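Enquirer: This is the structure I want to talk about, given as structure tokens.
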There are 2 protein chains.
Amino acid sequence: MDQRSPRSAPKGPGRPVTLRDVARAAGVSVATASKALNDQGRMADETRERVRQAAKTLGFRPNGLAQSLSRQRSFTVGLLTNDTYGRFTLPVMAGIADALVDNGVSVFLCNIEDDPRLAQTHVDAMLEKRVDGIIASGKRIDRHLPVDLSNLGIPVIYAFTEPDPESIGFVSDDEAGARLAVEHLVRLGRRRIAHVTGPSSFRVVHQRAKAYRDVLREAGLEEPEQGVLTGQWTEGWGHEAAGYLFDGIGRPPDAVFCGNDQIARGVVDALRERGRRVPDDVAVIGFDNWEIVAAATRPPLTTVDMNLKDLGREAGLTLLQLVDRQPIEPGIRRLPCRLVVRQSCGTPPGG
Amino acid sequence: MDQRSPRSAPKGPGRPVTLRDVARAAGVSVATASKALNDQGRMADETRERVRQAAKTLGFRPNGLAQSLSRQRSFTVGLLTNDTYGRFTLPVMAGIADALVDNGVSVFLCNIEDDPRLAQTHVDAMLEKRVDGIIASGKRIDRHLPVDLSNLGIPVIYAFTEPDPESIGFVSDDEAGARLAVEHLVRLGRRRIAHVTGPSSFRVVHQRAKAYRDVLREAGLEEPEQGVLTGQWTEGWGHEAAGYLFDGIGRPPDAVFCGNDQIARGVVDALRERGRRVPDDVAVIGFDNWEIVAAATRPPLTTVDMNLKDLGREAGLTLLQLVDRQPIEPGIRRLPCRLVVRQSCGTPPGG
DNA sequence: CTGAAAGCGCTTACAG
DNA sequence: CTGAAAGCGCTTACAG
């Protein structure tokens, strides 16, 4: 298409320069040229240097396909995900890509959209392209991708999605994360803490509710009548729930632990509309640390961050170890969450 | 690692079966086996079928690296982006991936984070892996990625980012998109239409403002004193701007065209707090159709959708044509936007 | 209709 | 210290 500049510069069109060209230019065999460039074997420093120079001036770029073919390693991995618009997967993917790129491996993006056929297509493509391994990631930590990854003959890692038994998976520690939130509220002196969360079909809903109750009990606090309200992961539900909590006849809570930031925003907005001050009258805490909503809420939300990027990074690194045949204990790793303090709960005692 | 099940089933560990194994099993040469499986050349139907059977029962999966090496085509492309958390890039990427996967090509995800060094690293990696082409995508339509893609020797397409001169780029038609919005307002009978938008350092801010003014003029409408308010792309700015528009002494607008959905949400919230009804007293329209904010706004936002996924799909398809050496006219393609009617402007006359 | 051979561009024992 | 040779697993003219 683009035939200008027939110069022999490093870049530009024209048949790419091969190892053979380099060898010829340096006056050595291809074998020697290969070894020189890969720092393999012994040879006169002078020779090695001469080859390097030749490669450089010719703008040699090794053909990765050929390298992979003979090395039996493609320095490439497949990243499967069903989370197109990536609320959760995005940071996970970023972390994975980070870890891998740093180690010279490229990643194939495979969006499978919860479609088993599409998933299989992608897996087949990955296998044909001889990826060194696969990372499966998803939008729900308690659902398995609609594809069987158990007998592929290459290493597989699960990140933020339900892993196969006997495999290796990385997930967030939701119970510990919820503890972080509720303990923060307790520490700030709140005594009547409610919990507004998502649908009970989500496992995290139970894990977080359990932590919530555990912390209340440990603190000697009573669970309000309307202790745990399950609904949707939406602002709308946050609104509605605030109605139940604050428009009733019972004594209203002085703090609300929300299952995600959207719910929290709904609660905060509803509170403002009712003339209740956040955080003075009631403290509200979210979950996810979804910047775009946490930061836009008035006041900005204190919330729990699942450290998804770190989780992705860990997953990527672990896959690499597996590829290098290092023995890794199977099982699920629960990675810690982190509290992000903004203004919706007031200032902590020490700060 | 996983050495169980030494059966010769299609899946599972053990040295992968090669074309040679298939040929042997079918009693033909590798050459014939290859042709049989690729539907190349002439041969007895019976032979072809026999080879196919053998391949099937052995669970043969061609080694893509070897195929690519001899075919001089990797069926792989690189996708460069600087938009990690992907507000805009995400749908574009999804569209690209869609188009490519349908055509049997895999995509390498290259996140470059606005870092020239990282970008070069990725480009080098892509070149070594012999991608058939590259798609550059970004979060800003008026910025070039921090890397030179002009003399790579492989086709390059730009999607939602500033293209090189003489290259092929796909962008949204912001002027036409803005027209859609303002004409909608006019059609609904609004006479005093204001425009609250982002920073004037963005080219789209000027393009949309121009369209806004053009439509007003064409409709014989006057631009209010505070016609165009430039600020940030945030809810906060929407709030603030609403103050300027509605708390002053002048006659307030009866409609606000916002530069994005976040601003629109800020405006709507501010209006509600001032007791002004949307859409009855003032119609508000957004831009981007960012579901998560457009749908959560009360009332849900009427807005302009840039059809980013389609844009991505077009870009992917075009790259494929380029790879196939089809001649394509260089230049920028502006793809149309689409109006998404929800409730923040009221019901259109016909609906 | 089918196969032997060369080739894609590297790497890696193995000789010398 | 260096090179010839085989090999990675395919494809593709070219003979027969």
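Ligands are numbered from 1 in the order shown, residues from 1 within each chain, and chains are lettered A, B, ... in the order they appear in the structure tokens.
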Could you list, as a CSV table (one decimal) with N, CA and C atoms (P, O5', C5', C4', C3', O3' and C1' of nucleotides), in the first residue's frame, every residue of chain C that has an atom within 9 Å of an atom of chain B, counting only C-alpha atoms (C1' of nucleotides)?
Expert:
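Full text of part-v4.csv as output:
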```csv
chain,number,residue,atom,x,y,z
C,1,DC,P,-9.1,-35.7,-9.4
C,1,DC,O5',-8.0,-36.5,-8.7
C,1,DC,C5',-8.2,-37.8,-8.1
C,1,DC,C4',-6.9,-38.4,-7.7
C,1,DC,C3',-6.5,-37.9,-6.3
C,1,DC,O3',-6.0,-39.1,-5.6
C,1,DC,C1',-4.8,-37.4,-7.9
C,2,DT,P,-5.7,-39.0,-4.1
C,2,DT,O5',-4.2,-38.8,-4.2
C,2,DT,C5',-3.3,-39.9,-4.4
C,2,DT,C4',-1.9,-39.4,-4.4
C,2,DT,C3',-1.4,-38.9,-3.0
C,2,DT,O3',-0.4,-39.8,-2.6
C,2,DT,C1',-0.6,-37.5,-4.7
C,3,DG,P,0.3,-39.7,-1.1
C,3,DG,O5',1.7,-39.1,-1.6
C,3,DG,C5',2.4,-39.8,-2.6
C,3,DG,C4',3.7,-39.1,-2.9
C,3,DG,C3',4.5,-38.7,-1.6
C,3,DG,O3',5.9,-38.9,-1.9
C,3,DG,C1',4.0,-36.8,-2.9
C,7,DG,P,14.6,-23.4,-1.2
C,7,DG,O5',13.5,-22.7,-0.3
C,7,DG,C5',12.2,-22.4,-0.9
C,7,DG,C4',11.3,-21.9,0.2
C,7,DG,C3',12.1,-21.1,1.3
C,7,DG,O3',11.5,-19.9,1.5
C,7,DG,C1',10.8,-22.8,2.3
C,8,DC,P,12.2,-18.7,2.3
C,8,DC,O5',11.2,-18.3,3.4
C,8,DC,C5',9.8,-18.2,3.1
C,8,DC,C4',9.1,-18.2,4.5
C,8,DC,C3',10.1,-17.7,5.6
C,8,DC,O3',9.9,-16.3,5.8
C,8,DC,C1',8.8,-19.6,6.2
C,9,DG,P,11.2,-15.3,5.8
C,9,DG,O5',11.8,-15.5,7.3
C,9,DG,C5',10.9,-15.2,8.4
C,9,DG,C4',11.6,-15.7,9.6
C,9,DG,C3',13.0,-15.3,9.8
C,9,DG,O3',13.2,-14.9,11.1
C,9,DG,C1',12.8,-17.6,10.1
```
Enquirer: Starting from chain A, keep only residues with some atom at most 8 Å from an atom of chain B, counting only C-alpha atoms, and report them as a PDB file with C-alpha atoms, in the first residue's frame.
Expert:
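Dumped to out-v1.pdb:
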```pdb
ATOM      1  CA  MET A   1       0.000   0.000   0.000  1.00  0.00           C
ATOM      2  CA  ASP A   2       2.620   2.383   1.166  1.00  0.00           C
ATOM      3  CA  LYS A  11      11.634   1.124   9.563  1.00  0.00           C
ATOM      4  CA  GLY A  12       9.464   1.227   6.524  1.00  0.00           C
ATOM      5  CA  PRO A  13       8.280  -1.239   3.933  1.00  0.00           C
ATOM      6  CA  GLY A  14      10.259  -3.712   1.916  1.00  0.00           C
ATOM      7  CA  ARG A  61      13.611  -7.313  14.234  1.00  0.00           C
ATOM      8  CA  PRO A  62      13.430 -11.013  15.013  1.00  0.00           C
ATOM      9  CA  ASN A  63      10.378 -12.802  13.716  1.00  0.00           C
ATOM     10  CA  GLY A  64       8.506 -13.745  16.825  1.00  0.00           C
ATOM     11  CA  LEU A  65       6.500 -16.378  15.043  1.00  0.00           C
ATOM     12  CA  ALA A  66       9.627 -18.237  14.091  1.00  0.00           C
ATOM     13  CA  SER A  68       7.928 -19.095  19.163  1.00  0.00           C
ATOM     14  CA  LEU A  69       7.766 -22.024  16.837  1.00  0.00           C
ATOM     15  CA  THR A  84     -17.683  -5.872  28.098  1.00  0.00           C
ATOM     16  CA  TYR A  85     -18.304  -2.602  29.742  1.00  0.00           C
ATOM     17  CA  LEU A  90     -11.348  -3.238  33.558  1.00  0.00           C
ATOM     18  CA  PRO A  91      -9.038  -2.625  36.475  1.00  0.00           C
ATOM     19  CA  ALA A  94      -5.241  -3.386  33.433  1.00  0.00           C
ATOM     20  CA  ALA A  97      -1.728  -6.488  31.230  1.00  0.00           C
ATOM     21  CA  GLY A 104       7.500  -9.311  27.589  1.00  0.00           C
ATOM     22  CA  SER A 106       1.416  -9.937  25.004  1.00  0.00           C
ATOM     23  CA  VAL A 107      -2.226 -10.496  25.744  1.00  0.00           C
ATOM     24  CA  PHE A 108      -5.045 -11.481  23.476  1.00  0.00           C
ATOM     25  CA  LEU A 109      -8.302  -9.836  24.410  1.00  0.00           C
ATOM     26  CA  CYS A 110     -11.207 -12.271  24.278  1.00  0.00           C
ATOM     27  CA  ASN A 111     -14.598 -10.857  25.021  1.00  0.00           C
ATOM     28  CA  ALA A 125      -8.361 -19.533  18.600  1.00  0.00           C
ATOM     29  CA  LEU A 127      -5.139 -22.778  21.529  1.00  0.00           C
ATOM     30  CA  GLU A 128      -4.311 -22.595  17.842  1.00  0.00           C
ATOM     31  CA  LYS A 129      -2.271 -19.489  18.405  1.00  0.00           C
ATOM     32  CA  ARG A 130      -0.465 -21.469  21.076  1.00  0.00           C
ATOM     33  CA  ASN A 151      -8.291 -29.759  30.399  1.00  0.00           C
ATOM     34  CA  LEU A 152      -6.636 -27.457  27.973  1.00  0.00           C
ATOM     35  CA  GLY A 153      -3.102 -28.622  28.559  1.00  0.00           C
ATOM     36  CA  ILE A 154      -1.982 -25.095  29.377  1.00  0.00           C
ATOM     37  CA  GLU A 235     -29.142   4.444  42.737  1.00  0.00           C
ATOM     38  CA  GLY A 236     -32.866   3.980  42.441  1.00  0.00           C
ATOM     39  CA  ALA A 296     -19.407  13.009  42.211  1.00  0.00           C
ATOM     40  CA  ARG A 325       6.583 -24.680  35.421  1.00  0.00           C
ATOM     41  CA  PRO A 327       4.793 -25.500  41.259  1.00  0.00           C
TER      42      PRO A 327
END
```
Enquirer: Just give me the gap between CA of Arg117 (chain B) and CA of Lys35 (chain A) in Å, one decimal is fine.
Expert: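 CA of Lys35 (chain A) lies at a distance of 27.4 Å from CA of Arg117 (chain B).
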Enquirer: Per DSSP on the backbone, filter region 91-229 of chain A down to the residues in strand (DSSP E) and report them as a list of chain:residue names.
Expert: A:Ser106, A:Val107, A:Phe108, A:Leu109, A:Cys110, A:Asn111, A:Gly133, A:Ile134, A:Ile135, A:Ala136, A:Ser137, A:Val156, A:Ile157, A:Tyr158, A:Ala159, A:Ile168, A:Gly169, A:Phe170, A:Val171, A:Ser172, A:Ile193, A:Ala194, A:His195, A:Val196, A:Thr197, A:Val228, A:Leu229
Enquirer: How about saving the chosen residues, C-alpha atoms kept, as an mmCIF file, in the first residue's frame?
Expert:
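Produced file result32.cif, reproduced below:
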```
data_model
loop_
_atom_site.group_PDB
_atom_site.id
_atom_site.type_symbol
_atom_site.label_atom_id
_atom_site.label_comp_id
_atom_site.auth_asym_id
_atom_site.auth_seq_id
_atom_site.Cartn_x
_atom_site.Cartn_y
_atom_site.Cartn_z
ATOM 1 C CA SER A 106 1.416 -9.937 25.004
ATOM 2 C CA VAL A 107 -2.226 -10.496 25.744
ATOM 3 C CA PHE A 108 -5.045 -11.481 23.476
ATOM 4 C CA LEU A 109 -8.302 -9.836 24.410
ATOM 5 C CA CYS A 110 -11.207 -12.271 24.278
ATOM 6 C CA ASN A 111 -14.598 -10.857 25.021
ATOM 7 C CA GLY A 133 -1.676 -19.717 29.269
ATOM 8 C CA ILE A 134 -5.119 -18.276 29.828
ATOM 9 C CA ILE A 135 -6.592 -15.930 32.395
ATOM 10 C CA ALA A 136 -10.316 -16.037 32.941
ATOM 11 C CA SER A 137 -11.944 -12.958 34.335
ATOM 12 C CA VAL A 156 -5.243 -21.323 33.558
ATOM 13 C CA ILE A 157 -5.772 -18.682 36.226
ATOM 14 C CA TYR A 158 -9.079 -17.257 37.405
ATOM 15 C CA ALA A 159 -9.325 -13.631 38.386
ATOM 16 C CA ILE A 168 -6.021 -21.240 41.076
ATOM 17 C CA GLY A 169 -8.240 -18.238 41.581
ATOM 18 C CA PHE A 170 -7.892 -14.702 42.843
ATOM 19 C CA VAL A 171 -10.854 -12.933 44.384
ATOM 20 C CA SER A 172 -11.441 -10.021 46.695
ATOM 21 C CA ILE A 193 -26.086 1.056 61.533
ATOM 22 C CA ALA A 194 -28.238 -0.203 58.666
ATOM 23 C CA HIS A 195 -27.127 -2.132 55.598
ATOM 24 C CA VAL A 196 -28.588 -1.506 52.158
ATOM 25 C CA THR A 197 -27.322 -3.928 49.584
ATOM 26 C CA VAL A 228 -30.345 -5.551 56.069
ATOM 27 C CA LEU A 229 -32.272 -4.351 53.057
#
```
Enquirer: Residues of region 148-275 of chain B classed as alpha helix (DSSP H) by DSSP on the backbone are to be reported as a PyMOL selection string.
Expert: chain B and resi 174-187+203-218+235-246+261-273
